[in-house]
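Novice: Let me begin by handing over the structure; questions about it come next.
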Amino acid sequence: MATVNINGETRTLDVPDDMPLLWALRQELGMVGTKFGCGIGACGACTVHIDGVATRSCTTPVGSLAGKKVSTIEELGKSPVGKALQNAWLDVDVMQCGYCQAGQLMSASALLAENPAPSEKDIERAMQGNICRCACYGRIKTAIQLAAKETEKADV
Ligand code: FES
Ligand code: FES
């Protein structure tokens with residue numbers, strides 16, 4: 001049995017403590033926005049935030065989450081940074097197959113929440129663990145830069 005705060009709601013899960021969060025999200029809670037790619041922490045498709053930090057849910061046991069706050073792609077658009085990223089993703093037309101994109105957006109939103117004006121190198125460093133088999137890397141970087149500019153303007 002594990003109790004986890006997900007997107008601001010306390011959820012009680014009748015699952016073993018060592019179940020990966022990704023399994024709990026998708027299979028127990030039906031929250032399928034977070035994607036299963038490699039299952040071994042190598043691709044970034046399953047990225048969520050834990051206490052604001054981009055984290056691989058496939059290698060995070062639910063039993064380790066007591067007292068922590070999990071945020072998933074389902075609540076991305078509720079923050080100004082998340083909304084700006086969603087808009088920029090559409091403006092730049094980032095996606096091809098879309099499979100990696102929830103994880104990309106969660107890594108990008110953790111970056112901008114911590115560093116609102118990232119350099120190109122900062123973006124590359126923050127996004128390097130998110131693999132895109134369609135190789136949309138250039139457009140992802142452009143969209144993050146655009147979202148950062150839009151967020152900065154909104155703050156003025
Ligand atoms: S599914 Fe978690 S990193 Fe690939
Ligand atoms: S858009 Fe296809 S894997 Fe990234």
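Residue numbering restarts at 1 in every chain; chains get A, B, ... in the order shown in the structure tokens, and ligands count up from 1 in that same order.
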Which residues sit within 10 Å of ligand 2, counting only C-alpha atoms and all ligand atoms, listed as a ChimeraX atom specification?
Specialist: /A:37,43,45,94-104,130-137,140
Novice: Mind writing the picked residues with N, CA and C atoms as a tab-separated table (two decimals), in the first residue's frame?
Specialist:
```tsv
chain	number	residue	atom	x	y	z
A	37	GLY	N	8.82	3.93	-22.38
A	37	GLY	CA	9.74	3.75	-23.51
A	37	GLY	C	10.64	2.55	-23.26
A	43	CYS	N	15.63	6.55	-21.59
A	43	CYS	CA	15.08	7.28	-22.74
A	43	CYS	C	14.36	8.57	-22.38
A	45	ALA	N	11.18	9.01	-21.76
A	45	ALA	CA	9.75	9.08	-22.15
A	45	ALA	C	8.83	9.16	-20.94
A	94	VAL	N	6.62	21.03	-33.26
A	94	VAL	CA	7.74	20.18	-32.83
A	94	VAL	C	7.57	18.71	-33.20
A	95	MET	N	6.36	18.22	-33.02
A	95	MET	CA	6.20	16.76	-32.98
A	95	MET	C	6.20	16.05	-34.32
A	96	GLN	N	6.76	14.83	-34.28
A	96	GLN	CA	6.53	13.91	-35.41
A	96	GLN	C	5.61	12.81	-34.88
A	97	CYS	N	6.12	11.68	-34.43
A	97	CYS	CA	5.21	10.64	-33.94
A	97	CYS	C	4.62	11.00	-32.59
A	98	GLY	N	5.30	11.84	-31.82
A	98	GLY	CA	4.77	12.32	-30.55
A	98	GLY	C	5.11	11.47	-29.34
A	99	TYR	N	5.69	10.30	-29.55
A	99	TYR	CA	5.82	9.36	-28.43
A	99	TYR	C	6.67	9.91	-27.29
A	100	CYS	N	7.74	10.60	-27.61
A	100	CYS	CA	8.66	11.08	-26.56
A	100	CYS	C	8.22	12.39	-25.95
A	101	GLN	N	7.17	13.00	-26.50
A	101	GLN	CA	6.94	14.43	-26.24
A	101	GLN	C	6.48	14.76	-24.83
A	102	ALA	N	5.74	13.86	-24.18
A	102	ALA	CA	5.33	14.15	-22.80
A	102	ALA	C	6.58	14.26	-21.93
A	103	GLY	N	7.50	13.33	-22.12
A	103	GLY	CA	8.75	13.37	-21.35
A	103	GLY	C	9.58	14.60	-21.68
A	104	GLN	N	9.61	14.95	-22.96
A	104	GLN	CA	10.37	16.15	-23.36
A	104	GLN	C	9.80	17.38	-22.67
A	130	ASN	N	16.64	12.91	-22.76
A	130	ASN	CA	15.36	12.64	-23.44
A	130	ASN	C	15.63	12.29	-24.90
A	131	ILE	N	15.42	11.03	-25.22
A	131	ILE	CA	15.70	10.54	-26.57
A	131	ILE	C	14.46	10.73	-27.46
A	132	CYS	N	14.70	11.17	-28.70
A	132	CYS	CA	13.60	11.28	-29.67
A	132	CYS	C	13.98	10.46	-30.90
A	133	ARG	N	13.23	9.39	-31.13
A	133	ARG	CA	13.60	8.53	-32.26
A	133	ARG	C	13.30	9.22	-33.60
A	134	CYS	N	12.47	10.27	-33.56
A	134	CYS	CA	12.18	11.03	-34.78
A	134	CYS	C	13.18	12.19	-34.96
A	135	ALA	N	14.07	12.34	-33.99
A	135	ALA	CA	15.14	13.35	-34.07
A	135	ALA	C	14.61	14.79	-34.21
A	136	CYS	N	13.66	15.14	-33.37
A	136	CYS	CA	13.11	16.51	-33.39
A	136	CYS	C	13.93	17.46	-32.53
A	137	TYR	N	15.17	17.15	-32.29
A	137	TYR	CA	15.95	17.91	-31.29
A	137	TYR	C	16.06	19.40	-31.60
A	140	ILE	N	12.76	21.06	-30.79
A	140	ILE	CA	12.54	21.08	-29.34
A	140	ILE	C	13.32	22.25	-28.73
```
Novice: Using only C-alpha atoms and all ligand atoms, find each residue in chain A having at least one atom no more than 7 Å away from ligand 1; report its shortest atom-to-atom pair and that distance in Å (one decimal), rows by chain then rising number, as CSV.
Specialist:
```
residue,atom,partner,partner_atom_place_in_ligand_line,distance
A:Lys35,CA,ligand 1,1 (S),6.6
A:Phe36,CA,ligand 1,1 (S),4.4
A:Gly37,CA,ligand 1,1 (S),3.8
A:Cys38,CA,ligand 1,4 (Fe),3.8
A:Gly39,CA,ligand 1,1 (S),4.0
A:Ile40,CA,ligand 1,3 (S),5.6
A:Gly41,CA,ligand 1,3 (S),3.3
A:Ala42,CA,ligand 1,3 (S),4.3
A:Cys43,CA,ligand 1,4 (Fe),3.8
A:Gly44,CA,ligand 1,3 (S),4.0
A:Ala45,CA,ligand 1,1 (S),5.1
A:Cys46,CA,ligand 1,2 (Fe),4.4
A:Thr47,CA,ligand 1,2 (Fe),6.6
A:Arg56,CA,ligand 1,2 (Fe),5.1
A:Ser57,CA,ligand 1,2 (Fe),5.9
A:Cys58,CA,ligand 1,2 (Fe),4.3
A:Thr59,CA,ligand 1,2 (Fe),6.6
```
Novice: Rounded to one decimal, what separation in Å do you get between CA of Gln145 in chain A and CA of Gly129 in chain A?
Specialist: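 Going from CA of Gln145 in chain A over to CA of Gly129 in chain A, I get 18.2 Å.
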Novice: Out of A:Asn5, A:Ser71, A:Ser64, A:Thr10, which residue has the shortest atom-to-atom distance to Ser107 in chain A when counting only C-alpha atoms?
Specialist: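 Among the listed residues, the smallest separation from Ser107 in chain A belongs to A:Ser71.
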Novice: Step one, run DSSP on the backbone; step two, keep only residues of chain A assigned to helix (DSSP H, G or I); then write them as number ranges by chain.
Specialist: A: 21-28, 57-59, 62-64, 73-78, 80-92, 101-114, 120-127, 137-155
Novice: Would you give me, as a PyMOL selection string, the residues in range 2-72 of chain A that DSSP reads as strand (DSSP E)?
Specialist: chain A and resi 2-6+9-13+47-50+53-56+69-71
Novice: Got time to write the residues from that selection, N, CA, C and O atoms, as a PDB file, in the first residue's frame?
Specialist:
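The new file selection.pdb reads:
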```pdb
ATOM      1  N   ALA A   2       0.605   2.181  -0.903  1.00  0.00           N
ATOM      2  CA  ALA A   2       1.411   3.406  -0.950  1.00  0.00           C
ATOM      3  C   ALA A   2       0.476   4.605  -1.082  1.00  0.00           C
ATOM      4  O   ALA A   2      -0.553   4.518  -1.757  1.00  0.00           O
ATOM      5  N   THR A   3       0.824   5.687  -0.409  1.00  0.00           N
ATOM      6  CA  THR A   3       0.054   6.931  -0.533  1.00  0.00           C
ATOM      7  C   THR A   3       0.938   7.939  -1.255  1.00  0.00           C
ATOM      8  O   THR A   3       2.070   8.193  -0.841  1.00  0.00           O
ATOM      9  N   VAL A   4       0.416   8.480  -2.350  1.00  0.00           N
ATOM     10  CA  VAL A   4       1.233   9.362  -3.187  1.00  0.00           C
ATOM     11  C   VAL A   4       0.428  10.606  -3.553  1.00  0.00           C
ATOM     12  O   VAL A   4      -0.752  10.491  -3.921  1.00  0.00           O
ATOM     13  N   ASN A   5       1.059  11.773  -3.444  1.00  0.00           N
ATOM     14  CA  ASN A   5       0.414  13.008  -3.884  1.00  0.00           C
ATOM     15  C   ASN A   5       0.713  13.199  -5.374  1.00  0.00           C
ATOM     16  O   ASN A   5       1.856  13.429  -5.760  1.00  0.00           O
ATOM     17  N   ILE A   6      -0.336  13.078  -6.186  1.00  0.00           N
ATOM     18  CA  ILE A   6      -0.156  13.209  -7.632  1.00  0.00           C
ATOM     19  C   ILE A   6      -1.003  14.365  -8.139  1.00  0.00           C
ATOM     20  O   ILE A   6      -2.231  14.369  -7.962  1.00  0.00           O
ATOM     21  N   GLU A   9      -3.395  15.789  -5.630  1.00  0.00           N
ATOM     22  CA  GLU A   9      -4.406  14.926  -5.015  1.00  0.00           C
ATOM     23  C   GLU A   9      -3.723  13.762  -4.312  1.00  0.00           C
ATOM     24  O   GLU A   9      -2.794  13.169  -4.886  1.00  0.00           O
ATOM     25  N   THR A  10      -4.180  13.419  -3.126  1.00  0.00           N
ATOM     26  CA  THR A  10      -3.590  12.276  -2.432  1.00  0.00           C
ATOM     27  C   THR A  10      -4.243  10.995  -2.944  1.00  0.00           C
ATOM     28  O   THR A  10      -5.467  10.860  -2.910  1.00  0.00           O
ATOM     29  N   ARG A  11      -3.419  10.096  -3.461  1.00  0.00           N
ATOM     30  CA  ARG A  11      -3.948   8.840  -4.010  1.00  0.00           C
ATOM     31  C   ARG A  11      -3.398   7.673  -3.202  1.00  0.00           C
ATOM     32  O   ARG A  11      -2.193   7.609  -2.934  1.00  0.00           O
ATOM     33  N   THR A  12      -4.277   6.765  -2.822  1.00  0.00           N
ATOM     34  CA  THR A  12      -3.836   5.572  -2.102  1.00  0.00           C
ATOM     35  C   THR A  12      -3.848   4.411  -3.078  1.00  0.00           C
ATOM     36  O   THR A  12      -4.851   4.155  -3.752  1.00  0.00           O
ATOM     37  N   LEU A  13      -2.699   3.750  -3.170  1.00  0.00           N
ATOM     38  CA  LEU A  13      -2.551   2.692  -4.175  1.00  0.00           C
ATOM     39  C   LEU A  13      -2.312   1.362  -3.476  1.00  0.00           C
ATOM     40  O   LEU A  13      -1.394   1.248  -2.648  1.00  0.00           O
ATOM     41  N   THR A  47       9.255  10.714 -18.064  1.00  0.00           N
ATOM     42  CA  THR A  47       9.643  11.771 -17.119  1.00  0.00           C
ATOM     43  C   THR A  47       8.437  12.441 -16.466  1.00  0.00           C
ATOM     44  O   THR A  47       7.478  12.847 -17.138  1.00  0.00           O
ATOM     45  N   VAL A  48       8.500  12.561 -15.145  1.00  0.00           N
ATOM     46  CA  VAL A  48       7.535  13.344 -14.361  1.00  0.00           C
ATOM     47  C   VAL A  48       8.360  14.292 -13.489  1.00  0.00           C
ATOM     48  O   VAL A  48       9.593  14.273 -13.546  1.00  0.00           O
ATOM     49  N   HIS A  49       7.677  15.120 -12.701  1.00  0.00           N
ATOM     50  CA  HIS A  49       8.399  15.922 -11.705  1.00  0.00           C
ATOM     51  C   HIS A  49       8.158  15.322 -10.331  1.00  0.00           C
ATOM     52  O   HIS A  49       7.016  14.974 -10.001  1.00  0.00           O
ATOM     53  N   ILE A  50       9.211  15.224  -9.556  1.00  0.00           N
ATOM     54  CA  ILE A  50       9.058  14.888  -8.141  1.00  0.00           C
ATOM     55  C   ILE A  50       9.651  16.045  -7.353  1.00  0.00           C
ATOM     56  O   ILE A  50      10.839  16.379  -7.516  1.00  0.00           O
ATOM     57  N   VAL A  53      11.509  18.352  -9.641  1.00  0.00           N
ATOM     58  CA  VAL A  53      12.705  17.891 -10.356  1.00  0.00           C
ATOM     59  C   VAL A  53      12.309  16.831 -11.394  1.00  0.00           C
ATOM     60  O   VAL A  53      11.552  15.896 -11.081  1.00  0.00           O
ATOM     61  N   ALA A  54      12.800  16.984 -12.621  1.00  0.00           N
ATOM     62  CA  ALA A  54      12.497  16.001 -13.674  1.00  0.00           C
ATOM     63  C   ALA A  54      13.093  14.649 -13.265  1.00  0.00           C
ATOM     64  O   ALA A  54      14.286  14.547 -12.989  1.00  0.00           O
ATOM     65  N   THR A  55      12.232  13.623 -13.234  1.00  0.00           N
ATOM     66  CA  THR A  55      12.625  12.315 -12.688  1.00  0.00           C
ATOM     67  C   THR A  55      12.023  11.213 -13.546  1.00  0.00           C
ATOM     68  O   THR A  55      10.899  11.342 -14.041  1.00  0.00           O
ATOM     69  N   ARG A  56      12.764  10.130 -13.716  1.00  0.00           N
ATOM     70  CA  ARG A  56      12.269   8.992 -14.507  1.00  0.00           C
ATOM     71  C   ARG A  56      11.303   8.157 -13.661  1.00  0.00           C
ATOM     72  O   ARG A  56      11.716   7.543 -12.660  1.00  0.00           O
ATOM     73  N   LYS A  69       5.802  15.439  -3.791  1.00  0.00           N
ATOM     74  CA  LYS A  69       4.746  15.843  -4.719  1.00  0.00           C
ATOM     75  C   LYS A  69       5.122  15.416  -6.130  1.00  0.00           C
ATOM     76  O   LYS A  69       6.167  15.822  -6.649  1.00  0.00           O
ATOM     77  N   VAL A  70       4.262  14.600  -6.727  1.00  0.00           N
ATOM     78  CA  VAL A  70       4.472  14.151  -8.101  1.00  0.00           C
ATOM     79  C   VAL A  70       3.618  15.014  -9.032  1.00  0.00           C
ATOM     80  O   VAL A  70       2.434  15.239  -8.756  1.00  0.00           O
ATOM     81  N   SER A  71       4.220  15.504 -10.099  1.00  0.00           N
ATOM     82  CA  SER A  71       3.435  16.209 -11.133  1.00  0.00           C
ATOM     83  C   SER A  71       3.638  15.485 -12.447  1.00  0.00           C
ATOM     84  O   SER A  71       4.770  15.101 -12.775  1.00  0.00           O
TER      85      SER A  71
END
```
Novice: Rounded to one decimal in Å, what is the spacing between CA of Asp18 in chain A and CA of Gly33 in chain A?
Specialist: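 Calculated distance between CA of Asp18 in chain A and CA of Gly33 in chain A is 21.4 Å.
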Novice: For a quick check of understanding, using only C-alpha atoms, which of A:Gly52, A:Gly138, A:Gly8, A:Pro61 has the smallest distance to Leu112 in chain A?
Specialist: A:Gly52
